[in-house]
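Enquirer: Before I ask anything, let me first share the structure, which is written out below as structure tokens.
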Amino acid sequence: EDLWAFKQLTVVENDLPRNVQQQDAIDFFVNKRLSKANLMASAKASPPELLRRIFFDLHGLPPTAKEITSFVEAYARNGEEAFEDVVDRLLASPRYGERWARHWLDITRYSDTAGMSNDYERSNMWRYRDYVIRCFNNDKPYDEFIKEQLAGDELAKASVKKRLVKKGLEGKELFNTLRKIESEGGYTQKEAELLIATGFLRLGPWDNAMVDDDQARQLYLDDVVNITGQTFLSQTLRCCKCHDHKFDPIPTRDYYGMYAAFATTFPVERAAPFLNVESRDRFESEEKFVRKMLSFARSEMNQLVEKQEAAAKTWYAEHDLPYKNEQKRKGDPDEKKPPRHVGLSHVEAGMLKVRRQDEWIWERRLERFQPLVQSVFSTRGMPKRSQNARKLRAFTVFRDEEPQVDSFILTGGSLEAPGAKVFPGVLSAVSLRARKEGAPHLLTDDVSGRRAALADWIANSRNPLTVRSIVNRIWQYHFGSGLATNSNNFGAKGGKPTHPALLDYLSRRFLESGWSIKTLHREIVLSDAYQRSVVPVGAENLAVVDPENMLLSHFRRRRLTAEEIRDSLLAVSGELVHSDGGIPVFPEMNMEVALQPRMIQFSLAPAYQPSECRDDRSRRTIYTYHCRGLADPFLELFNQPNPNESCELRDDASVTPQALTLLNSQFMTGRAVALADQLMRKSASTTEVIQKAFQQILARNAVDAEISQLETFFEAAVRSHGVADFEHPVYPTEITRSLVEEISGLPFEYCEILPKFSEYEADRKVKDLSLEGRALADVCLLLMNTNEFLFVD
């Protein structure tokens with residue numbers, strides 16, 4: 001029973017009574033468990049509660065007061081039809097993809113940087129993020145979604161080869177043309193999207209600095225094997241690296257079989273044309289900023305290099321030796337070359353190192369505007385001198401050598417202790433052949449095609465792990481808990497499903513729909529189980545029999561996620577800008593955090609500079625810059641996950657700093673000020689303006705008692721602001737940094753410019769409002785802190 005996930009799907013339709021229609025099957029299985037436990041189901045949620053619930057579940061945004069009023073009226077006429085219409089409309093909106101892509105990016109560990117000691121920029125990672133959003137919006141069949149992420153480059157290569165053969169190319173001409181397309185990016189739109197999809201294999205934290213090449217290679221392969229198992233199969237594979245799994249039927253040989261499936265895979269940045277659907281808004285302004293930072297770094301660097309080389313020439317002349325520039329003299333013995341940083345003070349030597357690092361950083365950020373993708377490439381193996389090259393063109397220079405690379409079981413996970421040879425393979429505990437002939441659980445050992453074969457096996461309709469995994473995840477995001485509670489671990493220690501027959505029924509329905517996630521959404525949210533009230537029936541008995549509500553007698557109240565809080569605040573303040581895709585935007589964050597010195601190897605990372613344009617800063621959170629080394633403190637406090645590990649389900653823990661942040665953070669205050677400023681321009685009386693604030697934030701009319709309380713609060717706030725003093729924040733255009741020069745051990749300072757603040761479109765501040773406007777901002781802030789705003793029933 002502990003190995004339930006490895007068994008083939010059971011046919012449970014025969015358990016359904018004849019009078020139970022397919023649309024009622026979910027409720028049949030749920031109610032059957034409730035009856036067995038002698039529990040009563042809650043009544044249906046009210047129409048406003050139901051609408052708010054489905055809006056946040058499918059869009060991650062609140063409905064407006066007008067939308068609630070319209071729905072309540074339609075619901076009174078025909079509740080079932082009204083709710084179905086809303087569900088269909090929400091699923092058809094581009095906001096749906098933005099919401100559900102966030103779930104997938106949690107699982108796959110999306111970030112725009114690589115983390116670790118250097119936190120390297122992944123300049124084109126945004127293309128993968130937008131790919132995921134498009135896939136959800138277009139309801140791409142999930143089996144295709146899997147194959148594209150695991151083997152999109154191999155699928156693209158097959159597509160290119162097919163069209164070249166159609167043109168009559170063969171032999172050496174075919175090979176050379178294919179090689180040129182791979183190097184220069186001469187792909188069709190579809191082929192380019194396939195390459196973008198393989199960004200999945202580039203999402204883990206990664207840094208090869210100060211690490212042996214072979215060890216760095218092993219770390220990469222370990223990472224992709226483990227994340228593939230967690231994401232698509234709900235299996236934790238990492239412990240099998242050193243020994244057979246202690247609890248699950250996964251021997252070490254199977255782990256290294258999957259390891260071998262990726263053994264010919266190398267991470268690279270590949271040329272691929274921008275898609276017509278990809279937004280290139282803001283390219284010009286952002287590239288101008290990056291070039292300005294690059295120019296500043298180069299200018300200072302070149303001045304220091306000129307001074308150093310002038311002193312070097314003098315040294316060579318004094319020692320009667322021919323001059324060699326810095327690069328050429330590196331390998332010379334000390335007595336035949338000038339001292340390092342000759343002619344420079346310790347301050348200048350330190351600055352030279354900083355500016356060289358800055359040049360490298362800003363050159364890399366320029367790639368954000370180039371048609372490149374974070375992808376992978378298949379080859380037998382690379383000579384060590386090219387393994388760390390980032391761009392595919394650097395790899396192709398050496399491809400003719402192609403040394404054979406075998407894979408072995410590494411005893412204890414150690415590279416120094418290779419054991420038996422292994423071939424590319426899959427999990428042998430799953431009764432599904434990986435190929436028609438030969439050993440049933442082995443894949444092809446050709447250079448290219450290993451990942452495509454693995455993807456075919458994972459995305460096979462007869463693979464019970466895959467289909468149960470995604471169905472369970474979708475259910476989990478609607479109900480707050482999966483039918484199997486550990487979505488990343490379907491092993492023996494992950495626990496058994498609470499409703500195994502329901503999970504298998506939905507899995508079979510999912511396959512019948514053509515792997516359609518939107519169809520699955522629809523079936524789930526139209527059930528009575530989903531539409532129940534959060535108010536339980538027989539709470540005392542429930543606390544004993546089912547305290548965690550695993551049997552679904554009522555719906556679970558939940559707090560909004562970090563992104564939902566931010567996006568909802570922007571929505572109710574009227575600032576939210578809906579603009580699809582494109583390079584990441586930089587919202588304003590706490591200035592102390594944004595400008596804090598952040599160590600990277602050899603230097604300090606550039607300071608965080610928010611986008612100058614207010615509209616850019618007001619886009620949805622999914623489009624903001626995600627940096628592993630610098631989390632937004634507001635989002636982090638509300639449990640935005642650490643992208644170094646796969647997050648199967650958000651933590652909703654409540655801690656004291658959250659309450660303090662909701663009352664005092666500059667982001668919260670800014671949204672309250674923005675809304676108050678708008679309302680004061682349109683309303684006259686205090687009662688009217690408070691009522692409109694209530695409608696805007698809580699999407700309902702305030703009752704008389706609430707109006708009375710808020711009017712009293714408003715008047716007190718006016719008096720308080722009459723004696724308060726506010727200052728506008730100062731946005732610096734440069735900042736002084738301090739470091740220690742490594743050779744002398746002496747401290748030095750240097751200047752970092754912050755040009756974005758020189759043309760910064762600042763948000764309205766408290767000081768910009770009248771006394772009444774400030775008081776209304778306090779009212780808005782109060783309403784934004786209510787449970788009614790922050791929770792979903």
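Residues in the structure tokens are numbered from 1 in each chain, the chains being A, B, ... in the order shown, and ligands are numbered from 1 in the order shown.
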Can you list, as an mmCIF file with N, CA and C atoms, in the first residue's frame, every protein, DNA or RNA residue that comes within 9 Å of Trp457 in chain A when you count only C-alpha atoms, leaving out same-chain residues fewer than 5 positions away?
Expert:
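Just written: result.cif:
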data_model
loop_
_atom_site.group_PDB
_atom_site.id
_atom_site.type_symbol
_atom_site.label_atom_id
_atom_site.label_comp_id
_atom_site.auth_asym_id
_atom_site.auth_seq_id
_atom_site.Cartn_x
_atom_site.Cartn_y
_atom_site.Cartn_z
ATOM 1 N N VAL A 426 15.406 4.375 -16.956
ATOM 2 C CA VAL A 426 14.287 4.973 -16.228
ATOM 3 C C VAL A 426 14.050 4.172 -14.948
ATOM 4 N N LEU A 432 6.288 0.081 -17.051
ATOM 5 C CA LEU A 432 6.119 0.708 -18.360
ATOM 6 C C LEU A 432 7.442 0.625 -19.097
ATOM 7 N N ARG A 433 7.446 -0.018 -20.234
ATOM 8 C CA ARG A 433 8.662 -0.170 -21.019
ATOM 9 C C ARG A 433 9.112 1.182 -21.563
ATOM 10 N N ALA A 434 10.428 1.372 -21.578
ATOM 11 C CA ALA A 434 10.980 2.590 -22.151
ATOM 12 C C ALA A 434 11.234 2.438 -23.646
ATOM 13 N N ARG A 435 11.272 1.200 -24.122
ATOM 14 C CA ARG A 435 11.425 0.954 -25.557
ATOM 15 C C ARG A 435 10.822 -0.399 -25.889
ATOM 16 N N ALA A 452 14.933 12.963 -25.072
ATOM 17 C CA ALA A 452 13.650 12.809 -25.771
ATOM 18 C C ALA A 452 13.012 11.468 -25.416
ATOM 19 N N ARG A 462 0.523 5.799 -19.817
ATOM 20 C CA ARG A 462 0.526 4.627 -18.937
ATOM 21 C C ARG A 462 1.531 4.778 -17.793
ATOM 22 N N ASN A 463 2.121 5.963 -17.665
ATOM 23 C CA ASN A 463 3.017 6.208 -16.530
ATOM 24 C C ASN A 463 2.188 6.762 -15.373
#
Enquirer: For Leu16 in chain A, work out the shell of residues within 10 Å, counting only C-alpha atoms and skipping chain neighbours fewer than 6 positions away, then give it as a ChimeraX atom specification.
Expert: /A:22,24-25,28-29
Enquirer: Restricting the output to N, CA and C atoms, write the selected residues as a JSON list (two decimals), in the first residue's frame.
Expert:
[["chain", "number", "residue", "atom", "x", "y", "z"],
["A", 22, "GLN", "N", -21.05, 12.30, -14.64],
["A", 22, "GLN", "CA", -19.61, 12.58, -14.55],
["A", 22, "GLN", "C", -19.33, 13.86, -13.77],
["A", 24, "ASP", "N", -20.77, 14.96, -11.35],
["A", 24, "ASP", "CA", -21.02, 14.77, -9.91],
["A", 24, "ASP", "C", -20.08, 13.75, -9.29],
["A", 25, "ALA", "N", -19.16, 13.22, -10.06],
["A", 25, "ALA", "CA", -18.31, 12.13, -9.57],
["A", 25, "ALA", "C", -17.42, 12.57, -8.41],
["A", 28, "PHE", "N", -19.39, 12.49, -5.34],
["A", 28, "PHE", "CA", -19.69, 11.12, -4.91],
["A", 28, "PHE", "C", -18.56, 10.56, -4.05],
["A", 29, "PHE", "N", -17.32, 10.70, -4.53],
["A", 29, "PHE", "CA", -16.18, 10.15, -3.79],
["A", 29, "PHE", "C", -15.94, 10.90, -2.47]]
Enquirer: Of the candidates A:Cys239, A:Lys157, A:Pro267, A:Ala724, which shows the shortest atom-to-atom distance to Ile181 in chain A, using only C-alpha atoms?
Expert: A:Lys157
Enquirer: Taking only C-alpha atoms into account, name the residue in A:Leu105, A:Leu506, A:Val305, A:Leu542 that is nearest to Gln640 in chain A.
Expert: A:Leu105
Enquirer: Which distance in Å separates CA of Pro94 in chain A and CA of Cys780 in chain A, to one decimal?
Expert: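 Distance between the two atoms: 28.9 Å.
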Enquirer: With only C-alpha atoms as the counted atoms, please give the residues lying no more than 9 Å from range 271-274 of chain A, apart from itself and same-chain residues fewer than 6 positions off, as JSON, numbers by chain.
Expert: {"A": [127, 181, 182, 183, 184, 185, 186, 187, 188, 189, 191, 192, 193, 195, 196, 280, 370, 371, 372, 373, 391, 392, 393]}
Enquirer: What lies within 8 Å of Cys647 in chain A using only C-alpha atoms, ignoring chain neighbours under 6 positions off, as a list in words?
Expert: Asp106, Ile107, Thr108, Arg109 and Pro641 of chain A
Enquirer: Ala310 in chain A: which residues within 12 Å, counting only C-alpha atoms, same-chain residues fewer than 2 positions away excluded, as an NGL selection string?
Expert: :A and (303-308 or 312-317 or 323-326 or 338 or 341-344)
Enquirer: Store the residues picked out above, limited to N, CA and C atoms, as a CSV table (one decimal), in the first residue's frame.
Expert:
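Listed below is the output, again_21.csv:
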chain,number,residue,atom,x,y,z
A,303,GLN,N,41.3,54.0,-17.7
A,303,GLN,CA,42.2,55.0,-17.1
A,303,GLN,C,43.2,54.3,-16.2
A,304,LEU,N,42.8,53.4,-15.4
A,304,LEU,CA,43.7,52.7,-14.5
A,304,LEU,C,44.6,51.7,-15.2
A,305,VAL,N,44.1,51.1,-16.3
A,305,VAL,CA,45.0,50.2,-17.1
A,305,VAL,C,46.1,51.0,-17.8
A,306,GLU,N,45.7,52.1,-18.3
A,306,GLU,CA,46.7,53.0,-19.0
A,306,GLU,C,47.8,53.4,-18.0
A,307,LYS,N,47.4,53.8,-16.8
A,307,LYS,CA,48.4,54.2,-15.8
A,307,LYS,C,49.3,53.0,-15.4
A,308,GLN,N,48.7,51.8,-15.3
A,308,GLN,CA,49.5,50.6,-14.9
A,308,GLN,C,50.4,50.3,-16.0
A,312,ALA,N,54.4,49.9,-16.3
A,312,ALA,CA,55.0,48.6,-16.8
A,312,ALA,C,56.0,48.8,-17.9
A,313,LYS,N,55.8,49.7,-18.8
A,313,LYS,CA,56.7,50.0,-19.9
A,313,LYS,C,58.0,50.6,-19.3
A,314,THR,N,57.9,51.4,-18.3
A,314,THR,CA,59.1,52.0,-17.6
A,314,THR,C,59.9,50.9,-16.9
A,315,TRP,N,59.2,49.9,-16.3
A,315,TRP,CA,59.8,48.8,-15.6
A,315,TRP,C,60.6,48.0,-16.6
A,316,TYR,N,60.0,47.7,-17.7
A,316,TYR,CA,60.6,46.8,-18.8
A,316,TYR,C,61.9,47.5,-19.3
A,317,ALA,N,61.7,48.9,-19.5
A,317,ALA,CA,62.9,49.6,-20.1
A,317,ALA,C,64.0,49.6,-19.1
A,323,TYR,N,58.8,45.0,-23.9
A,323,TYR,CA,57.5,45.2,-23.2
A,323,TYR,C,56.5,44.1,-23.6
A,324,LYS,N,55.8,43.6,-22.6
A,324,LYS,CA,54.6,42.7,-22.8
A,324,LYS,C,53.4,43.3,-22.1
A,325,ASN,N,52.3,43.2,-22.7
A,325,ASN,CA,51.1,43.7,-22.1
A,325,ASN,C,50.7,42.8,-20.9
A,326,GLU,N,49.7,43.2,-20.2
A,326,GLU,CA,49.3,42.4,-19.0
A,326,GLU,C,48.9,41.0,-19.3
A,338,PRO,N,56.9,43.0,-14.3
A,338,PRO,CA,56.8,44.0,-13.3
A,338,PRO,C,55.8,43.4,-12.2
A,341,HIS,N,49.9,45.1,-10.6
A,341,HIS,CA,49.4,46.4,-10.4
A,341,HIS,C,50.5,47.5,-10.2
A,342,VAL,N,51.5,47.3,-11.0
A,342,VAL,CA,52.6,48.2,-10.9
A,342,VAL,C,52.1,49.6,-11.2
A,343,GLY,N,52.6,50.6,-10.5
A,343,GLY,CA,52.3,52.0,-10.7
A,343,GLY,C,51.0,52.4,-10.1
A,344,LEU,N,50.2,51.5,-9.4
A,344,LEU,CA,49.0,51.8,-8.8
A,344,LEU,C,49.0,51.8,-7.3
Enquirer: Write out as number ranges by chain the residues lying within 12 Å of Val86 in chain A, counting only C-alpha atoms and excluding same-chain residues fewer than 2 positions away.
Expert: A: 47, 50-55, 58-59, 63, 67-68, 70-72, 74-75, 79-84, 88-93, 522, 525-526
Enquirer: Of the candidates A:Val718, A:Ala151, A:Met680, A:Leu754, which one gets nearest to Ala594 in chain A if we count only C-alpha atoms?
Expert: A:Leu754
Enquirer: Could you tell me how far CA of Pro249 in chain A sits from CA of Gln8 in chain A, in Å to one decimal place?
Expert: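 Distance reported for this atom pair: 15.2 Å.
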Enquirer: So how far away is CA of Asp567 in chain A from CA of Phe638 in chain A, in Å?
Expert: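 CA of Asp567 in chain A lies at a distance of 13.1 Å from CA of Phe638 in chain A.
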Enquirer: In terms of the shortest atom-to-atom distance over only C-alpha atoms, which of A:Leu637, A:Arg598, A:Phe377, A:Gly491 is closest to Val655 in chain A?
Expert: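 The closest residue to Val655 in chain A is A:Leu637.
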Enquirer: If you run DSSP on the backbone, which residues of range 229-444 of chain A are strand (DSSP E), as a list in words?
Expert: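 Output for range 229-444 of chain A, strand (DSSP E) only: Thr265, Phe266, Pro267, Val268, Glu269, Arg270, Ala271, Leu372, Val373, Gln374, Ser375, Val376, Phe377, Ser378, Ser407, Phe408, Ile409, Leu410, Pro418, Gly419, Ala420, Lys421 and Val422 of chain A.
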Enquirer: For Leu649 in chain A, find every residue with an atom within 9 Å (counting only C-alpha atoms), except residues of its own chain fewer than 2 positions away, and show them as an MDAnalysis selection string.
Expert: chainID A and resid 103 106:107 473 476:477 480:481 486:487 647 651
Enquirer: Let me make sure I understand: among A:Leu595, A:Ala65, A:Ile622, A:Ala261, which one has the smallest atom-to-atom distance to Leu221 in chain A if we use only C-alpha atoms?
Expert: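 Residue with the minimum atom-to-atom distance to Leu221 in chain A: A:Ala261.
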Enquirer: Among range 110-225 of chain A, which ones does DSSP assign to alpha helix (DSSP H) (computed from the backbone)? Answer as a PyMOL selection string.
Expert: chain A and resi 126-137+142-166+171-184+189-197+213-225
